[in-house]
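To start, the structure itself, in structure tokens.
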Amino acid sequence: MESLLDTLPHLLDLSLILAAFIGVTCGILGGALPGISPSITMALLLPFTYAMQPVDAIVMLAATYIGAEYGGSVPAILIRTPGTNAAAATVLDGYAMNRQGKAGLALGISLYSGFLGSIFGLLLLIMLSEPLANLALAFSPPAYFALGILGLSVIATLSGDSMLKGLIAALFGLMIATIGTDPVTGSNRFTFGNSDLLGGIEPVLVMVGLFALSELLAQAGTRDDIDRITSRPRIEFPGLRLARRLIKPQAIGGTIGAFEGVMPGAGGTIASFMAYNEARRWSKNKEEFGKGSPEGIAAPETANNTVAETALVPLLSFGIPGSNSTAILLGGFLIHGLQPGPMLFEKSADVIHGLYAGILVAIFGMVAVGIAILPICVWMVNRPRAFLNAFILALILSGIYTIHEGLTDVAFMLFAGAFGFFMRFLRFPFLPTVLGLVLGFLVESNFRRSLVLSGNDMSIFVGDWVSIVLLTVAALFIGGSIIQRGISFFKPSPKTAEAEQIGG
Amino acid sequence: MLKNCLTATAIAISFGGTAVAQDYPVKSVTLVTHSSPGAGGDVFLRELAKALSPVLGVNVVVENITGGSGATAMAHIAKAPKDGSILYGTTPTFIYTSLLSDPEYSYKDLDPVVNVFEDPEMIFTSAKGPFKTLEDAMTKARESRGTWGAANPASLERQSMEMLKTASGVNAAVVTHEGGGDMMINVLNGTLDIGVGEMQELKSQVEAGQVRILAALTAERVADYPDIPTVKELGYDVAVRKFRGIAGPKDLPADVIAAWEAAIPQVLAKPEFKTWYETNSLRPDFMPQSQYRNFINGFADQTSDFLRSAGVTQ
């Protein structure tokens, strides 16, 4: 409560408000551009913060992060391309709503959910930093392994009509995740002497290729008048009835987001996928998911925006960055001679309170900027398809090129696009591939790290309660969905017969 | 905020004005780092650039060329003009990447110019844990099995742990991570007995009393922490030197080298720069070119032997 009161005076600091607005605006734009991740946007802005006051500089970077986590949902809904990794789950129902001419509402739900998630995350950050920080400490390598397995268990429900195809698609992702530096020995794997492959293949290349490029290819094969989307260029917030229906998925998203956010290395992508999955499991309208369910946008968007704030917990409490974005924020602290960690609260309490205030301003700024620019975005995607698609292609090519300023990334993206086109033909779902790619490294490195710790004794995975609980939950998920599939196999209901393949 | 920007510009202009301390052949120097903005290597170069501008009498800017664990930056430098306008901020990473990945351009295609700092590596443990001295941790490893952490698989930190293991002949698992943060969590929660990290990364935890430093992996005791013994003093013949310096393309003109050799000792003596590097626990470790070349070659040979004996490369 005390820190809440100390935060208030900073809300009147004009330069802080300005920094928060600039940050959140740049963040939304960077997040919305496919290929430009939150961390890249922050890295681009970092040099501008050198000459600023420490508080303003850090607020600007944190605001960028928050804006970018939200911005990723805009292209996910409008052009079926997640702008950030964490927005991949939003593609499913967001794009489906867009195709029904409800883009304005979809964007409204995502902005509204992102706002609630961010506020919830900020409150947790201010009030519960300490207990949450201890939660992060409870996670040893076997527990991280179990967390990754729990994340992968979502494949069972994301696989659409064929579990087998889902598993094959996930294997593609897991295989791509093995490229790069071996997590235990440090030797090179599958790099074929190419130094561009040392750091592995960035998930964003595969995602943009699979989703966006394959969509462009598919559309190039259809007549122009098919698939014409005409959403009104207006953003609609959910009404009272819908808002009430969204409470449950948002609560699920917020809880999962808070949990994943404080775990260094877990992050927004797992959070949004798990939130989507759980929202679907507990929903009264399961059959709507994948076909334009508002709940399917609310859950992942609440989750990844909650992560943006709670990810600051390990950074501020231990000085440990859990992701690329928080690593750059750590850089922002260091450049201004501040060392995040336990002493920061004592030595530079005003920086912390300024940061809290700045985040609050940024969250409101996010809504204001969203309301201002979203109608323009909707108008833009309503242009004739030929112009729009050419524009999207230029956008993704330049975005991908920017990552390392090299053509290798572009080549990978194009390859992933061609591959995605064939996956689409054969009705393979994309999301398991993305999930496998994002989680593969976490699962593998923690599996092997655990075995190094235990001297190749497998019992380490049931040696602590956190991993036992997580592995049990994962087993229940997988078992449950196999049984469900079994039942629907023997009793084909009209629901599953016409179930739209997810992601494909 | 705007006011600060203006002040910064004004300072930059005044730097340009008072310059011409020495005759450097080009007007502007770009220091390239493979680190991303805000990382250790980047912050070091940016602070150095600020202090160096007036001494060299040129504009010094920093450019981040990330990717390929330094391979992209090394290629950029190897092909750069040989006039001292583009130079590279070195860390052990460029040796590791060269040896591990056999990139098109390696450290052999660059020429060391000068060294500037040593970043002291320390062995630490959780303050709540049972180990009061390094010997306590070693005893545990001798009697049962130790768990020791290093930030990355291909790093000087891991090498130092493996060296300690060999030198002491104890039974320990050297567990690698994806960066110092991951490892810190595992030290704090007791999964690992000890970890190794740079002093500047540990400082905050040390001050908060969460982490206890057991020994320094440096050749001599660290000035700020005179009570911390070195690993060598404790009877294990292990010391590493995490260097931060400057390299460039081959065949740089003699006046460029001379300018750098003259400038670095001056920069290191500047009070405001001194305050910065002392708060970050960096040890001034100036080496002129001839010495730095020998050092880098020796470092590369040692690392190459280590990588082969650890089975990382053939």
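Here's how to read the names in the structure tokens: chain A, B, ... by the order shown, residue numbers from 1 in each chain, ligand numbers from 1 in the order shown.
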Give as a count of residues only every residue of chain A that touches chain B within 6 Å, counting only C-alpha atoms. 17
Val222 (chain B) surroundings by only C-alpha atoms, 10 Å radius, close-in-sequence under 3 positions cut, as a ChimeraX atom specification: /B:120-122,199,215-219,225-230,281-283
Provide the CA of Tyr401 (chain A) to CA of Tyr50 (chain A) distance in Å, to one decimal place.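 Atom-to-atom, CA of Tyr401 (chain A) and CA of Tyr50 (chain A) are spaced 26.1 Å apart.
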Within 12 Å of Asp93 (chain A) using only C-alpha atoms, minus same-chain residues under 2 positions, as an MDAnalysis selection string: chainID A and resid 73 76:78 80 87:91 95:100 102:103 105:107 109:110 276 280 287:301 500 502:503
Considering only C-alpha atoms, can you say which of A:Phe430, A:Gly151, A:Pro233, A:Glu405 comes closest to Cys377 (chain A)?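 For Cys377 (chain A), the nearest of the candidates is A:Pro233.
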Top pick for closest residue to Gln302 (chain B), considering B:Ile86, B:Ala223, B:Leu99, B:Leu134 and counting only C-alpha atoms: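 The shortest atom-to-atom distance to Gln302 (chain B) comes from B:Leu99.
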Backbone DSSP call of helix (DSSP H, G or I) for region 47-112 of chain B, listed as a VMD selection string: chain B and resid 47 to 56 68 to 78 92 to 101 107 to 109
Exercise: Leu374 (chain A) partners within 8 Å, only C-alpha atoms, chain neighbours under 3 positions left out, as a ChimeraX atom specification: /A:107,234-235,370-371,377-378
Would you mind exporting N, CA and C atoms of the selected residues as a JSON list (two decimals), in the first residue's frame?
[["chain", "number", "residue", "atom", "x", "y", "z"],
["A", 107, "LEU", "N", -10.69, -6.24, -32.44],
["A", 107, "LEU", "CA", -9.64, -5.33, -31.97],
["A", 107, "LEU", "C", -10.04, -4.70, -30.64],
["A", 234, "ARG", "N", -14.18, 1.02, -37.61],
["A", 234, "ARG", "CA", -14.49, 1.59, -36.30],
["A", 234, "ARG", "C", -14.17, 0.55, -35.25],
["A", 235, "ILE", "N", -13.65, 0.99, -34.15],
["A", 235, "ILE", "CA", -13.34, 0.01, -33.13],
["A", 235, "ILE", "C", -14.49, -0.06, -32.15],
["A", 370, "GLY", "N", -4.40, 3.13, -29.11],
["A", 370, "GLY", "CA", -5.15, 2.09, -29.81],
["A", 370, "GLY", "C", -6.41, 2.64, -30.47],
["A", 371, "ILE", "N", -7.18, 3.41, -29.70],
["A", 371, "ILE", "CA", -8.42, 3.97, -30.25],
["A", 371, "ILE", "C", -8.11, 4.88, -31.44],
["A", 377, "CYS", "N", -5.95, 1.29, -39.22],
["A", 377, "CYS", "CA", -5.48, -0.05, -39.59],
["A", 377, "CYS", "C", -6.60, -0.84, -40.27],
["A", 378, "VAL", "N", -7.82, -0.76, -39.71],
["A", 378, "VAL", "CA", -8.93, -1.50, -40.31],
["A", 378, "VAL", "C", -9.21, -0.97, -41.71]]
Pro142 (chain A) proximity check over A:Ser283, A:Asn446, A:Ser481, A:Thr472, using only C-alpha atoms: winner is A:Asn446
Write out as a count of residues only which residues come within 10 Å of Phe131 (chain B) when counting only C-alpha atoms, dropping same-chain ones fewer than 5 positions away. 12
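Minimum atom-to-atom distances from B:Glu157, B:Gly245, B:Leu52, B:Val29 to Thr91 (chain B) were compared using only C-alpha atoms, and the lowest value belongs to B:Gly245.
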Work out how far apart CA of Gly30 (chain A) and CA of Phe415 (chain A) are and give it in Å to one decimal. 24.0 Å
So that I can see what lies close to Trp465 (chain A), please list as a VMD selection string the residues with an atom at most 10 Å from it, counting only C-alpha atoms and leaving out residues fewer than 5 positions away in the same chain. chain A and resid 138 143 470 to 471
